[in-house]
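Asker: Here it is, the structure, as structure tokens.
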Amino acid sequence: MKRCLVCGQSINAQQDFYHWLKCDSLLCGECLSKLMPLRKSYQIDRLKVHVLYEYNDFIEGMLFQYKEGLDVVLRSCFLYENKRYIEKRYRKHTLLLMPSSKEKTQERGFHALKEMSDILKLKKLQPFYKSENRKQSALNYEQRLSIGDIIQLDRTIPLPKRRLLLFDDVCTSGSTLTCAYHLLQQQNQTAEALVLCAHPLFIERNPCVK
Ligand SMILES: [Zn+2]
């Protein structure tokens with residue numbers, strides 16, 4: 001019997017007809033129903049951010065289990081339901097992964113975002129790095145707005161001229177993404193962004209665009 005990667009119960013538990021028929025889910029129906037799919041874009045400065053899910057307790061728990069509980073088996077399940085959608089929408093794009101601190105990656109033994117995005121058949125690069133380890137969750141909303149300062153662009157990594165897509169798992173204030181965007185602008189580059197999930201405040205505060 002195939003089991004849900006998150007909760008361990010049968011994959012068919014409370015599965016809706018579509019997923020039951022597709023027969024290739026990684027999560028059971030109960031877990032899938034706790035996710036809040038969005039697939040909407042928001043404008044922050046001149047950056048367009050496409051959001052797959054609204055951040056809630058369930059996805060927070062999944063990310064915690066994956067990143068802090070080191071449950072690396074979960075890596076494929078975050079983007080699985082949107083894999084074809086992303087590959088079609090962002091065909092020919094290059095994913096620029098937002099940086100994790102070196103210490104954090106070493107501590108975990110895996111690069112959380114890289115493992116998560118591995119299921120996408122898109123080119124991926126990691127041109128950004130963090131110059132200081134400051135845990136975002138320990139900061140308040142205003143402090144998170146200023147965190148952008150510590151992201152740097154490694155100019156030795158050649159970037160394609162077009163179709164760059166910043167990718168992150170959680171968008172709280174959007175400051176990390178806009179900082180990365182400004183670093184690219186300094187190089188006369190432009191980009192869009194894709195995030196797994198965005199905080200309800202981000203969704204509320206920024207205009208939704210096509
Ligand atoms: Zn489940």
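Order determines the names: the first chain of the structure tokens is A, the second B, and so forth; residues in each chain are numbered 1 upward, and ligands are numbered 1 upward as they are shown.
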Taking only residues of chain A that have an atom at most 10 Å from an atom of ligand 1, what is each one's shortest atom pair and its distance in Å to one decimal, using only C-alpha atoms and all ligand atoms, in chain and number order, as JSON lines?
Answerer:
```
{"residue": "A:Arg3", "atom": "CA", "partner": "ligand 1", "partner_atom_place_in_ligand_line": "1 (Zn)", "distance": 7.8}
{"residue": "A:Cys4", "atom": "CA", "partner": "ligand 1", "partner_atom_place_in_ligand_line": "1 (Zn)", "distance": 4.6}
{"residue": "A:Leu5", "atom": "CA", "partner": "ligand 1", "partner_atom_place_in_ligand_line": "1 (Zn)", "distance": 6.6}
{"residue": "A:Val6", "atom": "CA", "partner": "ligand 1", "partner_atom_place_in_ligand_line": "1 (Zn)", "distance": 5.1}
{"residue": "A:Cys7", "atom": "CA", "partner": "ligand 1", "partner_atom_place_in_ligand_line": "1 (Zn)", "distance": 4.1}
{"residue": "A:Gly8", "atom": "CA", "partner": "ligand 1", "partner_atom_place_in_ligand_line": "1 (Zn)", "distance": 6.0}
{"residue": "A:Gln9", "atom": "CA", "partner": "ligand 1", "partner_atom_place_in_ligand_line": "1 (Zn)", "distance": 5.8}
{"residue": "A:Ser10", "atom": "CA", "partner": "ligand 1", "partner_atom_place_in_ligand_line": "1 (Zn)", "distance": 7.6}
{"residue": "A:Ile11", "atom": "CA", "partner": "ligand 1", "partner_atom_place_in_ligand_line": "1 (Zn)", "distance": 6.9}
{"residue": "A:Asn12", "atom": "CA", "partner": "ligand 1", "partner_atom_place_in_ligand_line": "1 (Zn)", "distance": 9.2}
{"residue": "A:Ala13", "atom": "CA", "partner": "ligand 1", "partner_atom_place_in_ligand_line": "1 (Zn)", "distance": 7.7}
{"residue": "A:Gln14", "atom": "CA", "partner": "ligand 1", "partner_atom_place_in_ligand_line": "1 (Zn)", "distance": 9.3}
{"residue": "A:Gln15", "atom": "CA", "partner": "ligand 1", "partner_atom_place_in_ligand_line": "1 (Zn)", "distance": 9.7}
{"residue": "A:Leu26", "atom": "CA", "partner": "ligand 1", "partner_atom_place_in_ligand_line": "1 (Zn)", "distance": 8.5}
{"residue": "A:Leu27", "atom": "CA", "partner": "ligand 1", "partner_atom_place_in_ligand_line": "1 (Zn)", "distance": 5.1}
{"residue": "A:Cys28", "atom": "CA", "partner": "ligand 1", "partner_atom_place_in_ligand_line": "1 (Zn)", "distance": 4.2}
{"residue": "A:Gly29", "atom": "CA", "partner": "ligand 1", "partner_atom_place_in_ligand_line": "1 (Zn)", "distance": 6.7}
{"residue": "A:Glu30", "atom": "CA", "partner": "ligand 1", "partner_atom_place_in_ligand_line": "1 (Zn)", "distance": 5.7}
{"residue": "A:Cys31", "atom": "CA", "partner": "ligand 1", "partner_atom_place_in_ligand_line": "1 (Zn)", "distance": 4.3}
{"residue": "A:Leu32", "atom": "CA", "partner": "ligand 1", "partner_atom_place_in_ligand_line": "1 (Zn)", "distance": 7.2}
{"residue": "A:Ser33", "atom": "CA", "partner": "ligand 1", "partner_atom_place_in_ligand_line": "1 (Zn)", "distance": 9.4}
{"residue": "A:Lys34", "atom": "CA", "partner": "ligand 1", "partner_atom_place_in_ligand_line": "1 (Zn)", "distance": 9.4}
```
Asker: Keeping only C-alpha atoms, write those residues as a CSV table (one decimal), in the first residue's frame.
Answerer:
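Below is the file part08.csv, written as the result:
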```
chain,number,residue,atom,x,y,z
A,3,ARG,CA,1.6,5.8,2.0
A,4,CYS,CA,1.3,9.6,2.3
A,5,LEU,CA,4.8,11.1,2.6
A,6,VAL,CA,3.6,13.6,5.3
A,7,CYS,CA,1.3,11.7,7.6
A,8,GLY,CA,1.9,8.0,6.7
A,9,GLN,CA,-1.7,6.9,6.2
A,10,SER,CA,-2.9,5.3,3.0
A,11,ILE,CA,-2.5,7.6,0.0
A,12,ASN,CA,-6.2,6.9,-0.8
A,13,ALA,CA,-7.5,8.3,2.5
A,14,GLN,CA,-10.1,10.9,1.7
A,15,GLN,CA,-8.6,11.2,-1.8
A,26,LEU,CA,2.5,11.7,-2.9
A,27,LEU,CA,0.1,13.0,-0.3
A,28,CYS,CA,-3.2,11.6,0.9
A,29,GLY,CA,-6.5,13.4,0.3
A,30,GLU,CA,-6.6,14.6,3.9
A,31,CYS,CA,-3.2,16.3,3.6
A,32,LEU,CA,-3.9,17.7,0.2
A,33,SER,CA,-7.1,19.3,1.5
A,34,LYS,CA,-5.1,21.2,4.1
```
Asker: Need the shell around range 110-123 of chain A: protein/DNA/RNA residues with any atom at most 10 Å away, counting only C-alpha atoms. Skip same-chain ones fewer than 3 positions apart. Format as a ChimeraX atom specification?
Answerer: /A:63,66-68,70,72-80,82-84,86-87,90-102,104-107,126,164,167-169,196
Asker: Residues near range 180-184 of chain A, anyone? I mean within 12 Å using only C-alpha atoms, not counting same-chain ones fewer than 2 positions away, as a ChimeraX atom specification.
Answerer: /A:44-49,96-99,126-130,147-155,158-162,164-168,174-178,186-193
Asker: For N, CA and C atoms, I'd like the residues from the last selection saved as a tab-separated table (two decimals), in the first residue's frame.
Answerer:
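Written output follows (selection10.tsv):
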```tsv
chain	number	residue	atom	x	y	z
A	44	ILE	N	5.26	43.52	-6.45
A	44	ILE	CA	5.95	44.19	-5.35
A	44	ILE	C	7.13	44.93	-5.96
A	45	ASP	N	7.12	46.25	-5.83
A	45	ASP	CA	7.97	47.12	-6.65
A	45	ASP	C	7.70	46.78	-8.11
A	46	ARG	N	8.76	46.48	-8.84
A	46	ARG	CA	8.52	46.13	-10.24
A	46	ARG	C	8.58	44.61	-10.46
A	47	LEU	N	8.67	43.90	-9.35
A	47	LEU	CA	8.79	42.44	-9.44
A	47	LEU	C	7.43	41.75	-9.36
A	48	LYS	N	7.20	40.83	-10.30
A	48	LYS	CA	5.97	40.05	-10.27
A	48	LYS	C	6.27	38.71	-9.60
A	49	VAL	N	5.52	38.43	-8.54
A	49	VAL	CA	5.75	37.21	-7.76
A	49	VAL	C	4.56	36.27	-7.92
A	96	LEU	N	16.51	30.76	-10.49
A	96	LEU	CA	17.60	31.24	-9.64
A	96	LEU	C	17.18	30.99	-8.20
A	97	LEU	N	17.80	30.03	-7.55
A	97	LEU	CA	17.41	29.64	-6.21
A	97	LEU	C	17.85	30.68	-5.19
A	98	MET	N	16.95	31.06	-4.32
A	98	MET	CA	17.30	31.99	-3.25
A	98	MET	C	18.26	31.29	-2.30
A	99	PRO	N	19.17	32.07	-1.72
A	99	PRO	CA	20.24	31.42	-0.96
A	99	PRO	C	19.82	30.99	0.44
A	126	GLN	N	22.49	28.92	-8.82
A	126	GLN	CA	22.51	29.50	-7.48
A	126	GLN	C	23.49	30.66	-7.45
A	127	PRO	N	23.12	31.80	-8.05
A	127	PRO	CA	24.07	32.91	-8.13
A	127	PRO	C	24.09	33.79	-6.87
A	128	PHE	N	23.17	33.55	-5.95
A	128	PHE	CA	23.12	34.39	-4.74
A	128	PHE	C	23.72	33.67	-3.54
A	129	TYR	N	24.22	34.47	-2.63
A	129	TYR	CA	24.69	33.87	-1.37
A	129	TYR	C	24.39	34.83	-0.23
A	130	LYS	N	24.35	34.26	0.96
A	130	LYS	CA	24.08	35.05	2.16
A	130	LYS	C	25.40	35.37	2.84
A	147	ILE	N	16.03	42.60	5.82
A	147	ILE	CA	16.97	41.48	5.70
A	147	ILE	C	17.65	41.41	4.33
A	148	GLY	N	17.00	42.07	3.35
A	148	GLY	CA	17.53	42.06	2.00
A	148	GLY	C	19.00	42.42	1.89
A	149	ASP	N	19.47	43.27	2.80
A	149	ASP	CA	20.86	43.77	2.76
A	149	ASP	C	21.91	42.68	2.70
A	150	ILE	N	21.62	41.52	3.27
A	150	ILE	CA	22.70	40.55	3.43
A	150	ILE	C	22.79	39.55	2.28
A	151	ILE	N	21.99	39.76	1.23
A	151	ILE	CA	22.09	38.88	0.06
A	151	ILE	C	23.03	39.48	-0.97
A	152	GLN	N	23.91	38.65	-1.48
A	152	GLN	CA	24.89	39.11	-2.47
A	152	GLN	C	24.76	38.29	-3.75
A	153	LEU	N	25.21	38.90	-4.84
A	153	LEU	CA	25.21	38.21	-6.13
A	153	LEU	C	26.64	37.83	-6.50
A	154	ASP	N	26.84	36.55	-6.76
A	154	ASP	CA	28.16	36.08	-7.20
A	154	ASP	C	28.29	36.38	-8.70
A	155	ARG	N	29.07	37.41	-9.00
A	155	ARG	CA	29.14	37.88	-10.40
A	155	ARG	C	29.99	36.98	-11.29
A	158	PRO	N	27.89	33.07	-14.74
A	158	PRO	CA	27.23	33.68	-15.89
A	158	PRO	C	25.73	33.37	-15.90
A	159	LEU	N	24.93	34.41	-16.15
A	159	LEU	CA	23.48	34.23	-16.18
A	159	LEU	C	22.97	34.37	-17.61
A	160	PRO	N	21.91	33.62	-17.95
A	160	PRO	CA	21.30	33.82	-19.27
A	160	PRO	C	20.78	35.26	-19.37
A	161	LYS	N	20.67	35.76	-20.58
A	161	LYS	CA	20.22	37.16	-20.77
A	161	LYS	C	18.74	37.34	-20.46
A	162	ARG	N	17.97	36.27	-20.65
A	162	ARG	CA	16.51	36.40	-20.52
A	162	ARG	C	15.91	35.27	-19.68
A	164	LEU	N	14.69	34.86	-16.47
A	164	LEU	CA	15.19	34.46	-15.16
A	164	LEU	C	14.01	34.40	-14.19
A	165	LEU	N	14.01	33.38	-13.35
A	165	LEU	CA	12.90	33.20	-12.42
A	165	LEU	C	13.47	32.94	-11.02
A	166	LEU	N	13.30	33.96	-10.16
A	166	LEU	CA	13.74	33.79	-8.78
A	166	LEU	C	12.83	32.77	-8.11
A	167	PHE	N	13.42	31.87	-7.34
A	167	PHE	CA	12.58	30.85	-6.69
A	167	PHE	C	12.88	30.77	-5.19
A	168	ASP	N	11.80	30.80	-4.40
A	168	ASP	CA	11.96	30.65	-2.95
A	168	ASP	C	10.80	29.81	-2.41
A	174	GLY	N	8.64	39.67	1.18
A	174	GLY	CA	9.08	39.83	-0.20
A	174	GLY	C	10.42	40.53	-0.31
A	175	SER	N	11.01	40.89	0.85
A	175	SER	CA	12.24	41.69	0.81
A	175	SER	C	13.45	40.92	0.25
A	176	THR	N	13.51	39.62	0.53
A	176	THR	CA	14.62	38.83	-0.01
A	176	THR	C	14.55	38.81	-1.53
A	177	LEU	N	13.33	38.62	-2.04
A	177	LEU	CA	13.14	38.57	-3.49
A	177	LEU	C	13.42	39.92	-4.15
A	178	THR	N	12.93	41.01	-3.54
A	178	THR	CA	13.15	42.32	-4.16
A	178	THR	C	14.63	42.70	-4.09
A	186	GLN	N	20.93	45.80	-11.29
A	186	GLN	CA	22.24	46.46	-11.37
A	186	GLN	C	23.07	45.87	-12.50
A	187	GLN	N	22.77	44.64	-12.87
A	187	GLN	CA	23.48	43.97	-13.98
A	187	GLN	C	22.68	44.07	-15.29
A	188	ASN	N	21.72	45.01	-15.29
A	188	ASN	CA	20.82	45.17	-16.45
A	188	ASN	C	20.05	43.90	-16.79
A	189	GLN	N	19.70	43.15	-15.76
A	189	GLN	CA	18.92	41.94	-15.94
A	189	GLN	C	17.54	42.16	-15.33
A	190	THR	N	16.58	41.41	-15.81
A	190	THR	CA	15.26	41.48	-15.19
A	190	THR	C	14.82	40.06	-14.84
A	191	ALA	N	13.76	39.94	-14.04
A	191	ALA	CA	13.32	38.60	-13.62
A	191	ALA	C	11.89	38.65	-13.12
A	192	GLU	N	11.29	37.48	-13.05
A	192	GLU	CA	10.04	37.31	-12.31
A	192	GLU	C	10.37	36.40	-11.13
A	193	ALA	N	9.38	36.17	-10.28
A	193	ALA	CA	9.64	35.28	-9.14
A	193	ALA	C	8.52	34.26	-8.99
```
Asker: Among range 18-163 of chain A, which residues does DSSP mark as strand (DSSP E or B) when it is run on the backbone? Keep the chain and numbering as in the structure and answer as a list in words.
Answerer: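 Taking range 18-163 of chain A and keeping strand (DSSP E or B) gives Pro37, Leu38, Arg39, Lys40, Ser41, Tyr42, Gln43, Ile44, Leu47, Lys48, Val49, His50, Val51, Leu52, Tyr53, Glu54, Thr94, Leu95, Leu96, Leu97, Lys123, Lys124, Leu125, Phe128, Tyr129, Lys130, Ile151, Gln152 and Leu153 of chain A.
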Asker: Convert the current residue selection to file output with N, CA and C atoms, as an mmCIF file, in the first residue's frame.
Answerer:
```
data_model
loop_
_atom_site.group_PDB
_atom_site.id
_atom_site.type_symbol
_atom_site.label_atom_id
_atom_site.label_comp_id
_atom_site.auth_asym_id
_atom_site.auth_seq_id
_atom_site.Cartn_x
_atom_site.Cartn_y
_atom_site.Cartn_z
ATOM 1 N N PRO A 37 -4.253 26.114 -2.270
ATOM 2 C CA PRO A 37 -3.724 26.503 -3.584
ATOM 3 C C PRO A 37 -4.153 27.913 -3.980
ATOM 4 N N LEU A 38 -3.231 28.643 -4.592
ATOM 5 C CA LEU A 38 -3.499 30.032 -4.953
ATOM 6 C C LEU A 38 -3.292 30.278 -6.450
ATOM 7 N N ARG A 39 -2.077 30.015 -6.924
ATOM 8 C CA ARG A 39 -1.696 30.267 -8.330
ATOM 9 C C ARG A 39 -2.067 31.678 -8.752
ATOM 10 N N LYS A 40 -1.620 32.666 -7.986
ATOM 11 C CA LYS A 40 -1.879 34.072 -8.310
ATOM 12 C C LYS A 40 -0.574 34.855 -8.276
ATOM 13 N N SER A 41 -0.551 35.962 -9.015
ATOM 14 C CA SER A 41 0.649 36.797 -9.061
ATOM 15 C C SER A 41 0.422 38.114 -8.331
ATOM 16 N N TYR A 42 1.468 38.596 -7.702
ATOM 17 C CA TYR A 42 1.411 39.851 -6.949
ATOM 18 C C TYR A 42 2.572 40.730 -7.379
ATOM 19 N N GLN A 43 2.296 42.042 -7.376
ATOM 20 C CA GLN A 43 3.320 42.993 -7.795
ATOM 21 C C GLN A 43 3.945 43.610 -6.558
ATOM 22 N N ILE A 44 5.261 43.523 -6.447
ATOM 23 C CA ILE A 44 5.954 44.185 -5.349
ATOM 24 C C ILE A 44 7.131 44.930 -5.963
ATOM 25 N N LEU A 47 8.671 43.896 -9.351
ATOM 26 C CA LEU A 47 8.795 42.438 -9.444
ATOM 27 C C LEU A 47 7.430 41.754 -9.359
ATOM 28 N N LYS A 48 7.200 40.829 -10.296
ATOM 29 C CA LYS A 48 5.970 40.046 -10.271
ATOM 30 C C LYS A 48 6.268 38.707 -9.598
ATOM 31 N N VAL A 49 5.520 38.426 -8.543
ATOM 32 C CA VAL A 49 5.747 37.208 -7.763
ATOM 33 C C VAL A 49 4.560 36.266 -7.919
ATOM 34 N N HIS A 50 4.787 35.093 -8.466
ATOM 35 C CA HIS A 50 3.715 34.121 -8.616
ATOM 36 C C HIS A 50 3.720 33.170 -7.412
ATOM 37 N N VAL A 51 2.548 33.036 -6.786
ATOM 38 C CA VAL A 51 2.450 32.285 -5.537
ATOM 39 C C VAL A 51 1.612 31.021 -5.742
ATOM 40 N N LEU A 52 2.161 29.869 -5.352
ATOM 41 C CA LEU A 52 1.441 28.607 -5.545
ATOM 42 C C LEU A 52 0.443 28.319 -4.423
ATOM 43 N N TYR A 53 0.841 28.596 -3.179
ATOM 44 C CA TYR A 53 -0.043 28.318 -2.038
ATOM 45 C C TYR A 53 -0.019 29.480 -1.049
ATOM 46 N N GLU A 54 -1.133 29.620 -0.338
ATOM 47 C CA GLU A 54 -1.125 30.557 0.782
ATOM 48 C C GLU A 54 -0.495 29.846 1.983
ATOM 49 N N THR A 94 15.140 30.006 -16.458
ATOM 50 C CA THR A 94 16.172 29.472 -15.572
ATOM 51 C C THR A 94 15.825 29.869 -14.145
ATOM 52 N N LEU A 95 15.730 28.879 -13.296
ATOM 53 C CA LEU A 95 15.412 29.124 -11.894
ATOM 54 C C LEU A 95 16.644 29.634 -11.156
ATOM 55 N N LEU A 96 16.508 30.757 -10.494
ATOM 56 C CA LEU A 96 17.605 31.241 -9.643
ATOM 57 C C LEU A 96 17.181 30.994 -8.196
ATOM 58 N N LEU A 97 17.803 30.032 -7.555
ATOM 59 C CA LEU A 97 17.405 29.644 -6.206
ATOM 60 C C LEU A 97 17.854 30.683 -5.192
ATOM 61 N N LYS A 123 16.253 24.640 -16.014
ATOM 62 C CA LYS A 123 17.642 24.911 -15.609
ATOM 63 C C LYS A 123 17.639 25.629 -14.268
ATOM 64 N N LYS A 124 18.629 25.320 -13.433
ATOM 65 C CA LYS A 124 18.705 25.963 -12.123
ATOM 66 C C LYS A 124 20.104 26.508 -11.880
ATOM 67 N N LEU A 125 20.170 27.675 -11.277
ATOM 68 C CA LEU A 125 21.459 28.256 -10.895
ATOM 69 C C LEU A 125 21.347 28.803 -9.478
ATOM 70 N N PHE A 128 23.167 33.554 -5.949
ATOM 71 C CA PHE A 128 23.118 34.394 -4.741
ATOM 72 C C PHE A 128 23.715 33.672 -3.543
ATOM 73 N N TYR A 129 24.216 34.466 -2.626
ATOM 74 C CA TYR A 129 24.685 33.866 -1.374
ATOM 75 C C TYR A 129 24.390 34.827 -0.228
ATOM 76 N N LYS A 130 24.354 34.259 0.964
ATOM 77 C CA LYS A 130 24.083 35.053 2.155
ATOM 78 C C LYS A 130 25.396 35.367 2.837
ATOM 79 N N ILE A 151 21.994 39.763 1.233
ATOM 80 C CA ILE A 151 22.091 38.882 0.065
ATOM 81 C C ILE A 151 23.032 39.485 -0.973
ATOM 82 N N GLN A 152 23.906 38.652 -1.483
ATOM 83 C CA GLN A 152 24.885 39.112 -2.473
ATOM 84 C C GLN A 152 24.760 38.290 -3.748
ATOM 85 N N LEU A 153 25.214 38.895 -4.838
ATOM 86 C CA LEU A 153 25.207 38.205 -6.129
ATOM 87 C C LEU A 153 26.637 37.827 -6.496
#
```
Asker: From a DSSP pass on the backbone, collect the residues of range 11-198 of chain A flagged as helix (DSSP H, G or I) and hand them back as a PyMOL selection string.
Answerer: chain A and resi 17-22+29-34+57-67+72-76+80-89+102-108+112-117+136-138+141-145+147-150+175-186
Asker: From the list A:Met62, A:Met1, A:Cys197, A:Met36, which residue is nearest Ser173 in chain A when using only C-alpha atoms?
Answerer: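 Checking each of A:Met62, A:Met1, A:Cys197, A:Met36 against Ser173 in chain A, counting only C-alpha atoms, the winner is A:Cys197.
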